[in-house]
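Take a look at the structure set out below.
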Amino acid sequence: MQHPAVPELAHTTTSPIHWLATAAAVSAVVAVSSFLQPGAATAAQPGTPPVGTRTAAAPPDAAAVHFPLECGPAKILVVKKATGDLDGDGRPETVAVVRCDAGSGTPPNGVYVLTQPHEAHAKPRIVATLVDPKDRLTADDVAVRDGAVTATLLGYSSSAVPSCCPDTQDKAKWQWKGDAFVRSTPAEARSV
């Protein structure tokens, strides 16, 4: 039985010079690509300072904020965060969903908008309360898109409904208008 002839494939045999050439080629590609990045976006929103005058700011840190929740001996938990520029100033805000770390039931959420003051070493602060924990709502699917905050709010049809089992659902959207966040119903929630 004869085996078919297999030609010698010289290009499949590696040597140190092959590895050196490959490493040099990869390094050259990485170096060139770092210089060929796309330029910064130059479109400005109304009321924003020119691109050259602002610096990239980190979003406010929710862990550095004292939230106005009464939790007794339980801890306060930040269960969700979303960030984005909500007021068009070029600096990101943080939307924090916060609740008490209760052992059972569905503790109500507070939804807060945080901003980072311009002063160096200043702590972030709460600038708006979108959902007050006193309203007994749970915020789900919280997101920041196109300068607006959206959420699904789970609640209760009456005080007789157990806190474990929210039985109402409402879609909400908040957008900065002038000097306050205005709540509306998102368009996709109205069209059924």
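Residue names in the structure tokens use chain letters A, B, ... in the order shown, residue numbers from 1 in each chain, and ligand numbers from 1 in the order shown.
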
### Task
Just the residues within 7 Å of Val65 (chain A), please, counting only C-alpha atoms, with nothing from its chain fewer than 3 positions along; format it as number ranges by chain.
A: 62, 124-125

For Ser158 (chain A), please output as a PDB file with C-alpha atoms, in the first residue's frame all residues within 10 Å (counting only C-alpha atoms; exclusion window: fewer than 4 positions along the same chain).
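Saved the output as selection-v9.pdb:
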ATOM      1  CA  PRO A 162     -48.967  42.143  50.311  1.00  0.00           C
ATOM      2  CA  PRO A 166     -46.753  44.154  43.354  1.00  0.00           C
ATOM      3  CA  ASP A 167     -49.872  43.982  41.162  1.00  0.00           C
ATOM      4  CA  THR A 168     -49.640  47.152  39.043  1.00  0.00           C
TER       5      THR A 168
END

### Task
Excluding Thr115 (chain A) and residues on its chain fewer than 5 positions from it, collect all residues at most 10 Å away from it, counting only C-alpha atoms, and give them as a PyMOL selection string.
chain A and resi 59-62+85-86+91-95+123-128

### Task
Run DSSP on the backbone and give me the residues of region 32-178 of chain A it puts in strand (DSSP E or B), as an MDAnalysis selection string.
chainID A and resid 76:84 93:100 110:115 125:131 138:145 148:155 168:177

Would you mind exporting the chosen residues as a short mmCIF file (atom, residue, chain, number, x, y, z; two decimals), in the first residue's frame, restricted to C-alpha atoms?
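In the end it all went to selection.cif:
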data_model
loop_
_atom_site.label_atom_id
_atom_site.label_comp_id
_atom_site.auth_asym_id
_atom_site.auth_seq_id
_atom_site.Cartn_x
_atom_site.Cartn_y
_atom_site.Cartn_z
CA ILE A 76 -29.07 51.01 52.26
CA LEU A 77 -28.45 49.23 48.94
CA VAL A 78 -27.87 50.78 45.52
CA VAL A 79 -29.52 48.12 43.38
CA LYS A 80 -29.16 49.76 39.95
CA LYS A 81 -27.27 52.65 38.37
CA ALA A 82 -27.54 54.27 34.95
CA THR A 83 -25.48 57.19 33.69
CA GLY A 84 -25.77 59.77 30.95
CA GLU A 93 -25.35 62.38 35.79
CA THR A 94 -26.03 59.12 37.64
CA VAL A 95 -29.51 57.75 38.23
CA ALA A 96 -29.45 55.53 41.33
CA VAL A 97 -32.16 53.06 42.36
CA VAL A 98 -31.88 52.61 46.11
CA ARG A 99 -33.71 50.53 48.73
CA CYS A 100 -33.33 49.20 52.25
CA GLY A 110 -36.12 55.53 45.73
CA VAL A 111 -34.88 56.76 42.36
CA TYR A 112 -32.49 59.69 42.59
CA VAL A 113 -30.53 61.79 40.09
CA LEU A 114 -26.98 62.56 41.21
CA THR A 115 -24.62 65.22 39.93
CA ARG A 125 -25.13 65.27 45.55
CA ILE A 126 -28.79 64.45 44.91
CA VAL A 127 -30.41 66.98 42.57
CA ALA A 128 -33.78 65.27 42.02
CA THR A 129 -35.99 62.54 43.42
CA LEU A 130 -37.82 60.78 40.60
CA VAL A 131 -39.47 58.11 42.78
CA THR A 138 -40.28 49.29 42.80
CA ALA A 139 -38.34 50.63 39.82
CA ASP A 140 -37.39 48.07 37.18
CA ASP A 141 -35.66 48.39 33.78
CA VAL A 142 -34.18 51.79 34.70
CA ALA A 143 -32.14 53.23 31.83
CA VAL A 144 -30.76 56.52 30.51
CA ARG A 145 -31.25 56.98 26.76
CA ALA A 148 -34.09 60.82 29.37
CA VAL A 149 -34.62 58.36 32.23
CA THR A 150 -37.03 55.49 31.61
CA ALA A 151 -38.33 52.88 34.04
CA THR A 152 -41.07 50.37 34.68
CA LEU A 153 -42.71 51.08 38.04
CA LEU A 154 -44.25 48.17 39.92
CA GLY A 155 -46.79 49.05 42.60
CA THR A 168 -49.64 47.15 39.04
CA GLN A 169 -47.20 48.17 36.33
CA ASP A 170 -46.62 51.60 34.83
CA LYS A 171 -44.05 52.86 32.30
CA ALA A 172 -42.48 56.22 33.11
CA LYS A 173 -40.11 58.65 31.42
CA TRP A 174 -38.43 61.70 32.95
CA GLN A 175 -36.79 64.42 30.91
CA TRP A 176 -35.05 67.63 31.97
CA LYS A 177 -37.20 70.62 30.93
#

### Task
Mind giving me the straight-line distance from CA of Asp87 (chain A) to CA of Asp179 (chain A) in Å, one decimal?
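These two atoms are separated by 9.1 Å.
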
### Selected residue, from A:Ala160, A:Cys165, A:Gly88, A:Ala120, that lies nearest to Gly147 (chain A) when counting only C-alpha atoms
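Closest candidate: A:Gly88.
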
### Task
For CA of Arg183 (chain A) and CA of Val161 (chain A), quote the distance in Å rounded to one decimal.
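So the answer is 25.7 Å.
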